[in-house]
$ cat coords10.csv   # CSV, C-alpha atoms
chain,number,residue,atom,x,y,z
U,1,MET,CA,34.0,184.2,52.1
U,2,ASN,CA,31.9,181.0,52.4
U,3,SER,CA,29.6,179.2,54.6
U,4,GLU,CA,30.5,176.1,56.5
U,5,ASN,CA,27.7,176.5,59.0
U,6,SER,CA,25.6,173.5,59.8
U,7,ALA,CA,21.9,174.0,59.3
U,8,PRO,CA,20.3,175.4,62.5
U,9,GLU,CA,17.9,173.1,64.3
U,10,PRO,CA,14.4,173.5,62.8
U,11,VAL,CA,12.1,175.7,64.9
U,12,PRO,CA,8.4,176.7,64.5
U,13,MET,CA,9.1,179.9,62.6
U,14,THR,CA,8.1,181.2,59.2
U,15,LYS,CA,10.0,183.8,57.2
U,16,GLU,CA,8.5,185.9,54.4
U,17,LYS,CA,11.0,187.8,52.3
U,18,THR,CA,9.8,191.0,50.6
U,19,VAL,CA,11.5,193.8,48.6
U,20,LYS,CA,10.8,197.4,49.5
U,21,GLU,CA,10.2,200.0,46.9
U,22,ASP,CA,13.8,201.2,47.1
U,23,GLY,CA,15.1,197.6,46.6
U,24,ARG,CA,15.9,196.9,50.3
U,25,PHE,CA,15.0,193.4,51.6
U,26,LEU,CA,12.5,193.1,54.4
U,27,TYR,CA,11.7,189.9,56.2
U,28,TYR,CA,8.6,189.1,58.3
U,29,TYR,CA,9.2,186.4,60.9
U,30,SER,CA,6.2,184.7,62.4
U,31,PHE,CA,5.8,182.1,65.1
U,32,PRO,CA,2.9,179.7,65.0
U,33,PRO,CA,1.9,178.3,68.3
U,34,GLU,CA,3.4,175.0,69.2
U,35,ALA,CA,2.7,172.2,71.6
U,36,PRO,CA,3.3,173.3,75.3
U,37,GLN,CA,6.8,172.6,76.5
U,38,PRO,CA,7.6,170.7,79.7
U,39,PRO,CA,7.1,173.1,82.7
U,40,ASP,CA,10.7,172.8,83.9
U,41,ARG,CA,12.2,174.3,80.7
U,42,GLY,CA,13.7,177.7,81.3
U,43,GLU,CA,13.7,177.2,85.0
U,44,SER,CA,17.0,175.5,85.3
U,45,GLU,CA,19.0,178.4,86.7
U,46,LYS,CA,21.4,177.6,89.5
U,47,LYS,CA,23.0,179.7,92.1
U,48,PRO,CA,26.8,180.1,92.0
U,49,GLU,CA,27.2,177.7,94.9
U,50,ASP,CA,25.6,175.0,92.8
U,51,ALA,CA,28.4,175.2,90.3
U,52,ASP,CA,29.0,171.8,88.8
U,53,VAL,CA,32.5,172.2,87.5
J,1,MET,CA,29.4,207.9,50.1
J,2,SER,CA,30.7,204.8,51.9
J,3,GLU,CA,34.0,203.0,51.5
J,4,LEU,CA,36.6,201.1,53.5
J,5,ARG,CA,39.8,202.8,54.2
J,6,TRP,CA,42.8,200.9,55.5
J,7,HIS,CA,44.5,202.2,58.7
J,8,PRO,CA,48.1,200.9,58.1
J,9,ILE,CA,49.3,201.8,61.6
J,10,LEU,CA,46.6,199.9,63.5
J,11,GLU,CA,46.2,197.4,60.6
J,12,GLU,CA,42.4,197.7,60.5
J,13,TRP,CA,39.7,198.8,58.2
J,14,VAL,CA,37.8,202.1,58.9
J,15,ILE,CA,34.3,202.4,57.4
J,16,THR,CA,33.4,205.9,56.1
J,17,ALA,CA,29.7,206.4,55.6
J,18,THR,CA,28.9,210.1,55.3
J,19,HIS,CA,25.3,209.5,54.4
J,20,ARG,CA,24.6,208.4,57.9
J,21,GLN,CA,24.8,212.0,59.0
J,22,ASP,CA,21.2,212.3,57.6
J,23,ARG,CA,19.7,209.4,59.5
J,24,THR,CA,16.5,209.7,61.5
J,25,PHE,CA,17.0,211.3,64.9
J,26,PHE,CA,14.4,210.7,67.7
J,27,PRO,CA,11.3,211.3,65.5
J,28,PRO,CA,8.0,212.1,67.3
J,29,PRO,CA,5.8,209.0,68.2
J,30,ASP,CA,3.5,209.5,65.2
J,31,TYR,CA,6.5,209.2,62.9
J,32,ASN,CA,8.2,206.2,64.4
J,33,PRO,CA,9.8,204.4,61.4
J,34,LEU,CA,9.9,201.0,63.3
J,35,ALA,CA,6.1,201.0,64.1
J,36,PRO,CA,3.6,199.0,62.0
J,37,THR,CA,2.0,201.1,59.2
J,38,LYS,CA,-1.6,201.6,60.3
J,39,PRO,CA,-4.3,202.1,57.7
J,40,GLY,CA,-4.3,205.8,56.7
J,41,GLY,CA,-1.3,206.5,58.9
J,42,PHE,CA,2.3,207.5,58.4
J,43,PRO,CA,4.0,205.0,56.1
J,44,THR,CA,6.8,203.5,58.3
J,45,GLU,CA,9.6,201.2,57.3
J,46,ILE,CA,7.3,198.3,57.9
J,47,PRO,CA,4.3,198.3,55.5
J,48,ALA,CA,2.1,196.0,57.5
J,49,PRO,CA,-0.5,196.7,60.3
J,50,ASP,CA,1.1,194.2,62.6
J,51,TYR,CA,4.1,191.9,62.9
J,52,ASP,CA,6.0,189.6,65.3
J,53,ILE,CA,9.6,190.3,64.4
J,54,VAL,CA,10.8,192.2,61.4
J,55,VAL,CA,14.3,192.4,59.8
J,56,PHE,CA,15.1,194.9,57.1
J,57,GLU,CA,18.1,196.4,55.5
J,58,ASN,CA,19.2,199.7,57.1
J,59,LYS,CA,18.1,202.8,55.2
J,60,PHE,CA,21.5,204.4,56.1
J,61,PRO,CA,23.9,201.4,55.9
J,62,SER,CA,27.6,201.5,56.7
J,63,LEU,CA,27.9,198.4,54.4
J,64,ARG,CA,25.7,197.5,51.5
J,65,ARG,CA,25.1,195.0,48.8
J,66,ASP,CA,26.4,196.4,45.5
J,67,PRO,CA,28.3,199.3,47.1
J,68,PRO,CA,29.4,202.3,45.0
J,69,ALA,CA,33.0,202.6,43.9
J,70,PRO,CA,35.1,204.4,46.5
J,71,ALA,CA,35.1,208.2,46.2
J,72,VAL,CA,38.8,208.5,46.7
J,73,GLU,CA,41.8,206.6,45.3
J,74,GLY,CA,43.8,204.6,47.7
J,75,THR,CA,47.5,203.9,47.6
J,76,GLU,CA,49.5,200.7,48.2
J,77,LEU,CA,50.1,201.9,51.8
J,78,MET,CA,46.6,203.1,52.4
J,79,PRO,CA,44.3,201.1,50.1
J,80,VAL,CA,40.6,201.7,49.8
J,81,ARG,CA,37.9,199.2,48.8
J,82,PRO,CA,34.1,199.2,48.4
J,83,ALA,CA,32.0,198.9,51.5
J,84,ASP,CA,30.6,195.5,50.7
J,85,GLY,CA,28.4,193.8,53.2
J,86,VAL,CA,24.9,194.1,54.7
J,87,CYS,CA,23.5,196.2,57.6
J,88,GLU,CA,20.2,195.1,59.0
J,89,VAL,CA,17.8,196.4,61.6
J,90,VAL,CA,16.0,193.8,63.8
J,91,VAL,CA,12.7,195.1,65.2
J,92,TYR,CA,11.9,193.0,68.3
J,93,THR,CA,8.2,193.9,68.7
J,94,PRO,CA,5.6,196.3,67.4
J,95,GLN,CA,5.3,197.8,70.9
J,96,ALA,CA,7.2,201.0,70.7
J,97,ASP,CA,7.7,201.6,74.4
J,98,ALA,CA,8.8,198.0,75.3
J,99,THR,CA,12.4,196.9,76.1
J,100,LEU,CA,14.0,193.5,75.5
J,101,ALA,CA,14.0,192.9,79.2
J,102,GLU,CA,10.2,193.3,79.3
J,103,LEU,CA,9.5,190.9,76.5
J,104,PRO,CA,8.0,187.5,77.6
J,105,LEU,CA,10.5,184.6,77.6
J,106,ASP,CA,8.9,183.1,74.5
J,107,LYS,CA,9.5,186.3,72.5
J,108,ILE,CA,13.1,186.5,73.5
J,109,GLU,CA,13.5,182.8,72.4
J,110,HIS,CA,11.9,183.8,69.1
J,111,LEU,CA,14.4,186.6,68.7
J,112,ILE,CA,17.2,184.1,69.2
J,113,TRP,CA,15.7,182.0,66.4
J,114,VAL,CA,15.7,185.0,64.2
J,115,TRP,CA,19.3,185.9,65.1
J,116,THR,CA,20.3,182.3,64.3
J,117,ASP,CA,18.6,182.5,60.9
J,118,ARG,CA,20.2,185.8,60.0
J,119,PHE,CA,23.6,184.5,61.1
J,120,ALA,CA,23.2,181.5,58.7
J,121,GLU,CA,21.8,183.5,55.8
J,122,LEU,CA,24.2,186.4,55.9
J,123,GLY,CA,27.1,184.2,56.7
J,124,ALA,CA,26.5,182.3,53.5
J,125,ARG,CA,27.1,185.4,51.4
J,126,PRO,CA,30.4,185.2,49.6
J,127,GLU,CA,31.6,188.6,50.6
J,128,VAL,CA,30.8,188.2,54.3
J,129,GLU,CA,33.5,187.1,56.7
J,130,TYR,CA,31.8,188.0,60.0
J,131,VAL,CA,28.2,188.5,61.2
J,132,PHE,CA,28.0,190.8,64.1
J,133,ILE,CA,24.7,191.0,66.0
J,134,PHE,CA,24.3,193.8,68.6
J,135,GLU,CA,22.0,196.1,70.4
J,136,ASN,CA,22.6,199.7,71.4
J,137,LYS,CA,20.1,200.7,74.0
J,138,GLY,CA,19.6,204.2,75.4
J,139,ARG,CA,20.4,207.8,74.5
J,140,GLU,CA,23.6,207.5,76.5
J,141,ILE,CA,24.8,205.0,73.9
J,142,GLY,CA,23.9,207.2,71.0
J,143,VAL,CA,20.6,205.5,70.0
J,144,THR,CA,18.5,207.6,67.7
J,145,LEU,CA,15.3,205.5,67.8
J,146,ALA,CA,13.8,204.4,71.1
J,147,HIS,CA,11.6,201.6,69.6
J,148,PRO,CA,13.2,198.3,70.7
J,149,HIS,CA,15.5,197.0,68.1
J,150,GLY,CA,18.9,195.7,67.4
J,151,GLN,CA,21.2,195.6,64.4
J,152,ILE,CA,23.3,193.2,62.4
J,153,TYR,CA,26.5,194.1,60.5
J,154,ALA,CA,27.7,191.5,58.0
J,155,TYR,CA,31.3,192.6,57.5
J,156,PRO,CA,33.6,191.7,54.6
J,157,PHE,CA,36.4,191.3,57.1
J,158,ILE,CA,36.9,190.0,60.6
J,159,PRO,CA,36.7,193.1,62.9
J,160,PRO,CA,39.8,193.8,65.0
J,161,LYS,CA,38.4,193.0,68.5
J,162,LEU,CA,37.1,189.6,67.2
J,163,GLN,CA,40.4,189.0,65.5
J,164,THR,CA,42.3,189.6,68.7
J,165,GLU,CA,40.0,187.2,70.5
J,166,LEU,CA,40.5,184.6,67.8
J,167,ASN,CA,44.3,185.0,67.9
J,168,ALA,CA,44.5,184.6,71.7
J,169,ALA,CA,42.1,181.6,71.6
J,170,LYS,CA,44.2,179.9,68.8
J,171,LYS,CA,47.4,180.5,70.6
J,172,HIS,CA,46.1,178.9,73.8
J,173,TRP,CA,44.6,176.0,71.8
J,174,ASP,CA,47.9,175.4,70.1
J,175,LYS,CA,49.8,175.6,73.4
J,176,THR,CA,47.5,173.5,75.6
J,177,GLY,CA,44.9,171.8,73.3
J,178,ARG,CA,42.2,173.5,75.3
J,179,ASN,CA,39.6,176.2,74.7
J,180,LEU,CA,40.7,179.5,76.3
J,181,PHE,CA,37.1,180.6,77.0
J,182,LEU,CA,36.2,177.4,78.7
J,183,ASP,CA,39.4,177.5,80.8
J,184,VAL,CA,38.5,181.0,81.9
J,185,LEU,CA,35.0,179.9,82.6
J,186,GLN,CA,36.3,176.9,84.7
J,187,GLN,CA,38.3,179.3,86.8
J,188,GLU,CA,35.4,181.6,87.2
J,189,LEU,CA,33.2,178.8,88.4
J,190,GLU,CA,35.8,177.4,90.8
J,191,ASP,CA,36.3,180.9,92.3
J,192,GLY,CA,32.6,181.7,92.2
J,193,ARG,CA,32.8,185.3,93.3
J,194,ARG,CA,32.2,186.8,89.9
J,195,VAL,CA,29.4,184.5,88.8
J,196,VAL,CA,26.1,186.3,88.6
J,197,VAL,CA,23.8,183.5,87.5
J,198,GLN,CA,24.0,180.2,85.6
J,199,ASN,CA,21.9,177.5,84.1
J,200,ASP,CA,22.5,174.2,82.3
J,201,SER,CA,23.9,175.8,79.1
J,202,PHE,CA,25.2,179.2,80.0
J,203,VAL,CA,27.1,181.1,82.8
J,204,ALA,CA,26.9,184.9,83.3
J,205,THR,CA,29.9,186.6,85.0
J,206,VAL,CA,31.3,190.0,85.7
J,207,PRO,CA,34.7,188.7,84.4
J,208,PHE,CA,37.9,189.0,86.3
J,209,PHE,CA,39.1,191.4,83.6
J,210,ALA,CA,35.9,193.5,83.4
J,211,ARG,CA,36.6,196.9,81.8
J,212,TYR,CA,33.2,198.4,82.7
J,213,PRO,CA,31.8,198.4,86.2
J,214,TYR,CA,28.7,196.3,85.3
J,215,GLU,CA,30.1,194.4,82.3
J,216,VAL,CA,28.6,191.0,82.1
J,217,HIS,CA,29.6,188.1,79.8
J,218,ILE,CA,27.3,185.2,79.1
J,219,THR,CA,29.3,182.2,77.9
J,220,ALA,CA,28.1,178.9,76.4
J,221,ARG,CA,29.2,175.9,78.5
J,222,ARG,CA,29.3,173.3,75.8
J,223,PRO,CA,32.6,172.8,73.9
J,224,GLY,CA,31.9,173.3,70.2
J,225,ALA,CA,29.2,175.9,70.7
J,226,SER,CA,30.9,178.7,68.8
J,227,ALA,CA,27.9,180.1,67.0
J,228,LEU,CA,24.1,180.3,67.4
J,229,THR,CA,23.7,177.8,64.6
J,230,ASP,CA,25.4,175.2,66.8
J,231,MET,CA,22.7,175.3,69.5
J,232,ASP,CA,19.8,173.0,70.1
J,233,ARG,CA,16.4,174.0,71.3
J,234,LYS,CA,17.3,173.5,75.0
J,235,GLU,CA,20.3,175.8,74.6
J,236,GLN,CA,18.3,178.4,72.8
J,237,ARG,CA,15.7,178.4,75.6
J,238,ASP,CA,18.4,178.5,78.3
J,239,LEU,CA,20.0,181.5,76.5
J,240,ALA,CA,16.7,183.3,76.4
J,241,THR,CA,16.2,182.6,80.1
J,242,ILE,CA,19.6,183.9,81.2
J,243,LEU,CA,19.3,186.9,78.9
J,244,LYS,CA,16.0,187.9,80.5
J,245,THR,CA,17.5,187.4,84.0
J,246,ILE,CA,20.5,189.6,83.3
J,247,LEU,CA,18.4,192.3,81.7
J,248,GLY,CA,15.9,192.2,84.6
J,249,LYS,CA,18.8,192.5,87.1
J,250,TYR,CA,20.1,195.5,85.1
J,251,ASP,CA,16.7,197.2,85.2
J,252,ASN,CA,16.5,196.6,89.0
J,253,LEU,CA,20.0,198.1,89.6
J,254,PHE,CA,19.3,201.8,89.6
J,255,GLY,CA,15.5,202.0,89.3
J,256,PHE,CA,15.5,202.8,85.6
J,257,SER,CA,15.8,200.8,82.4
J,258,LEU,CA,19.6,200.5,82.1
J,259,PRO,CA,21.2,201.5,78.8
J,260,TYR,CA,23.8,199.1,77.5
J,261,MET,CA,25.6,197.8,74.5
J,262,MET,CA,24.9,194.1,74.0
J,263,VAL,CA,27.2,192.3,71.5
J,264,LEU,CA,27.2,188.7,70.3
J,265,HIS,CA,30.6,187.2,69.7
J,266,GLN,CA,30.6,184.2,67.4
J,267,ARG,CA,33.0,182.5,65.2
J,268,PRO,CA,33.7,184.0,61.7
J,269,THR,CA,31.5,182.7,58.9
J,270,THR,CA,34.6,181.7,56.9
J,271,GLY,CA,34.3,178.3,58.4
J,272,GLY,CA,32.2,176.0,60.5
J,273,ALA,CA,32.4,174.8,64.1
J,274,ASP,CA,35.0,172.2,63.2
J,275,GLU,CA,37.4,174.9,62.1
J,276,PHE,CA,37.0,177.0,65.3
J,277,PRO,CA,37.1,174.5,68.2
J,278,HIS,CA,39.2,177.1,70.0
J,279,TYR,CA,36.4,179.7,70.0
J,280,GLN,CA,33.3,179.9,72.2
J,281,PHE,CA,30.0,181.7,71.7
J,282,HIS,CA,29.4,184.4,74.3
J,283,ILE,CA,27.5,187.7,74.7
J,284,GLU,CA,29.1,190.8,76.3
J,285,PHE,CA,27.2,193.7,77.9
J,286,TYR,CA,28.8,197.1,78.4
J,287,PRO,CA,26.4,199.3,80.4
J,288,PRO,CA,27.7,202.9,80.5
J,289,TYR,CA,26.7,203.7,84.1
J,290,ARG,CA,29.2,203.3,87.0
J,291,THR,CA,26.7,204.7,89.6
J,292,LYS,CA,23.1,205.7,89.4
J,293,ASP,CA,24.0,209.2,88.2
J,294,LYS,CA,27.5,208.8,86.8
J,295,LEU,CA,28.6,207.6,83.4
J,296,LYS,CA,31.8,205.7,82.6
J,297,TYR,CA,33.4,207.6,79.7
J,298,LEU,CA,35.9,206.1,77.3
J,299,ALA,CA,38.4,209.0,77.7
J,300,GLY,CA,42.1,209.5,77.1
J,301,SER,CA,43.5,206.3,78.4
J,302,GLU,CA,40.8,204.1,76.9
J,303,SER,CA,40.4,205.9,73.6
J,304,GLY,CA,44.0,207.1,73.1
J,305,ALA,CA,45.9,204.2,74.6
J,306,GLY,CA,43.4,201.3,74.6
J,307,ALA,CA,44.1,200.9,78.3
J,308,TYR,CA,40.9,200.6,80.3
J,309,ILE,CA,40.6,201.8,83.8
J,310,ASN,CA,37.8,200.3,85.8
J,311,ASP,CA,36.9,202.2,89.0
J,312,THR,CA,35.3,199.2,90.6
J,313,LEU,CA,36.0,195.6,91.6
J,314,ALA,CA,34.4,192.8,89.5
J,315,GLU,CA,33.9,190.7,92.6
J,316,GLU,CA,31.8,193.5,94.3
J,317,LYS,CA,29.8,194.3,91.2
J,318,ALA,CA,29.0,190.6,90.6
J,319,ALA,CA,27.8,190.3,94.2
J,320,GLU,CA,25.6,193.3,93.7
J,321,LEU,CA,24.0,191.9,90.5
J,322,ARG,CA,23.7,188.4,92.0
J,323,ALA,CA,21.7,189.8,95.0
J,324,LEU,CA,19.3,191.6,92.8
J,325,GLU,CA,16.0,190.1,91.7
J,326,PRO,CA,15.3,190.4,88.0
J,327,GLN,CA,12.8,193.1,87.5
J,328,SER,CA,11.7,195.3,84.6
J,329,ALA,CA,11.9,199.0,85.3

$ encode --input "coords10.csv" --output "structure tokens"
Amino acid sequence: MNSENSAPEPVPMTKEKTVKEDGRFLYYYSFPPEAPQPPDRGESEKKPEDADV
Amino acid sequence: MSELRWHPILEEWVITATHRQDRTFFPPPDYNPLAPTKPGGFPTEIPAPDYDIVVFENKFPSLRRDPPAPAVEGTELMPVRPADGVCEVVVYTPQADATLAELPLDKIEHLIWVWTDRFAELGARPEVEYVFIFENKGREIGVTLAHPHGQIYAYPFIPPKLQTELNAAKKHWDKTGRNLFLDVLQQELEDGRRVVVQNDSFVATVPFFARYPYEVHITARRPGASALTDMDRKEQRDLATILKTILGKYDNLFGFSLPYMMVLHQRPTTGGADEFPHYQFHIEFYPPYRTKDKLKYLAGSESGAGAYINDTLAEEKAAELRALEPQSA
């Protein structure tokens, strides 16, 4: 019924909203290249025995 | 015709959408409606020669903005209401023969950004109470277009399964002051037998109470992460990573690209994170295969009584998935 959502963290993404001939909305999402990320990102998987509970 | 009819015995809304009988059913490759429109070619749903990710309102929606008036009159006992809401299609890539598992990690991360944006935008609509993001993959699931895509339903009510989860989580919170999902996760981590893979932000398990043989839940570790909009860049990246790992393991299971239902469970959009501290973001996968050549059917007990029978042990299936290297079929 309403939105109490906090604003998502900004990301390098552009959104173009268009309207199709029959009135339906269509959104193009594009992703400009950004600066390289540190190499360890996305490689943080642990095995079950490494569980830090 | 589409409308919401109240089921007074199960206390839930049923969506009738008869126009969906006419939807596109496995068109030939030259008439793929989710492909880019090439110059001089068949005009698809997407009037552009290329794209990264596209979202559009479903041509055959179950719920719609400005829905027609119901075609039947309801009663006090069995009311009817317009099928308000939004149904969207999310096209992951212009590549018609790809799968989500095969997309590079960056592309999966981009998809998570798009999901986050759609959750925020659709959740802000006054008639919407719940934004449900999902993917049905494979003919076995009833998919009618092979091109990699998912869907989003923005419901004007909280769907029954989510309401059941919310009720259980609130009850546990009121009784213990703790988050039910994180208590379950803590026990899964302490036991360890059902953990498939984990990273800094997420844990994937075949849960203790799995109802499908290869059911996997990916649960956010951080308290307060009850929706995609709560996540920072590191968590988004970790989600992409663990998603790709699970999908790659699925595809290495039987030597073919495994069909599945993938559903994102988030808090309702009727409030923010502060109002749902008892809830936790998670993704559930329900693959329909129980062996390489046998399907798990939702038959009499499951469909008629709501009592699932799992022919396998979660501990064994988790070990099987854990041992597999991620690989695209």

$ interface_residues --input "coords10.csv" --of "chain J" --to "chain U" --cutoff "8 Å" --atoms "all atoms listed in the file" --output "ChimeraX atom specification"
/J:51-57,59,110,113-114,116-117,120,123-129,156,186,189-190,192,195-200,228-234,237-238,241-242,269-273

$ atom_distance --input "coords10.csv" --atom1 "CA of Ser301 (chain J)" --atom2 "CA of Ala210 (chain J)"
15.7 Å

$ atom_distance --input "coords10.csv" --atom1 "CA of Trp6 (chain J)" --atom2 "CA of Tyr153 (chain J)"
18.4 Å

$ residues_around --input "coords10.csv" --residues "Pro27 (chain J)" --least-positions-apart "6" --cutoff "10 Å" --atoms "all atoms listed in the file" --output "PDB file with C-alpha atoms, keeping the file's coordinate frame"
ATOM      1  CA  PRO J  33       9.800 204.400  61.400  1.00  0.00           C
ATOM      2  CA  THR J 144      18.500 207.600  67.700  1.00  0.00           C
ATOM      3  CA  LEU J 145      15.300 205.500  67.800  1.00  0.00           C
ATOM      4  CA  ALA J 146      13.800 204.400  71.100  1.00  0.00           C
TER       5      ALA J 146
END

$ atom_distance --input "coords10.csv" --atom1 "CA of Glu302 (chain J)" --atom2 "CA of Cys87 (chain J)"
27.1 Å

$ residues_near_point --input "coords10.csv" --point "(44.3, 198.8, 85.6)" --cutoff "12 Å" --atoms "all atoms listed in the file" --output "list in words"
Phe208, Phe209, Ala210, Arg211, Tyr212, Ser301, Glu302, Gly306, Ala307, Tyr308, Ile309, Asn310, Asp311, Thr312 and Leu313 of chain J

$ residues_around --input "coords10.csv" --residues "Glu12 (chain J)" --least-positions-apart "2" --cutoff "12 Å" --atoms "only C-alpha atoms" --output "ChimeraX atom specification"
/J:4-10,14-15,78-80,157-164

$ closest_residue --input "coords10.csv" --among "J:Pro49, J:Pro326, J:Pro268, J:Pro61" --to "Leu166 (chain J)" --atoms "all atoms listed in the file"
J:Pro268

$ residues_around --input "coords10.csv" --residues "Ala69 (chain J)" --least-positions-apart "6" --cutoff "8 Å" --atoms "only C-alpha atoms" --output "count of residues only"
3

$ residues_around --input "coords10.csv" --residues "Glu284 (chain J)" --least-positions-apart "4" --cutoff "9 Å" --atoms "all atoms listed in the file" --output "VMD selection string"
chain J and resid 215 to 219 261 to 265

$ residues_around --input "coords10.csv" --residues "Pro213 (chain J)" --least-positions-apart "4" --cutoff "9 Å" --atoms "all atoms listed in the file" --output "count of residues only"
14
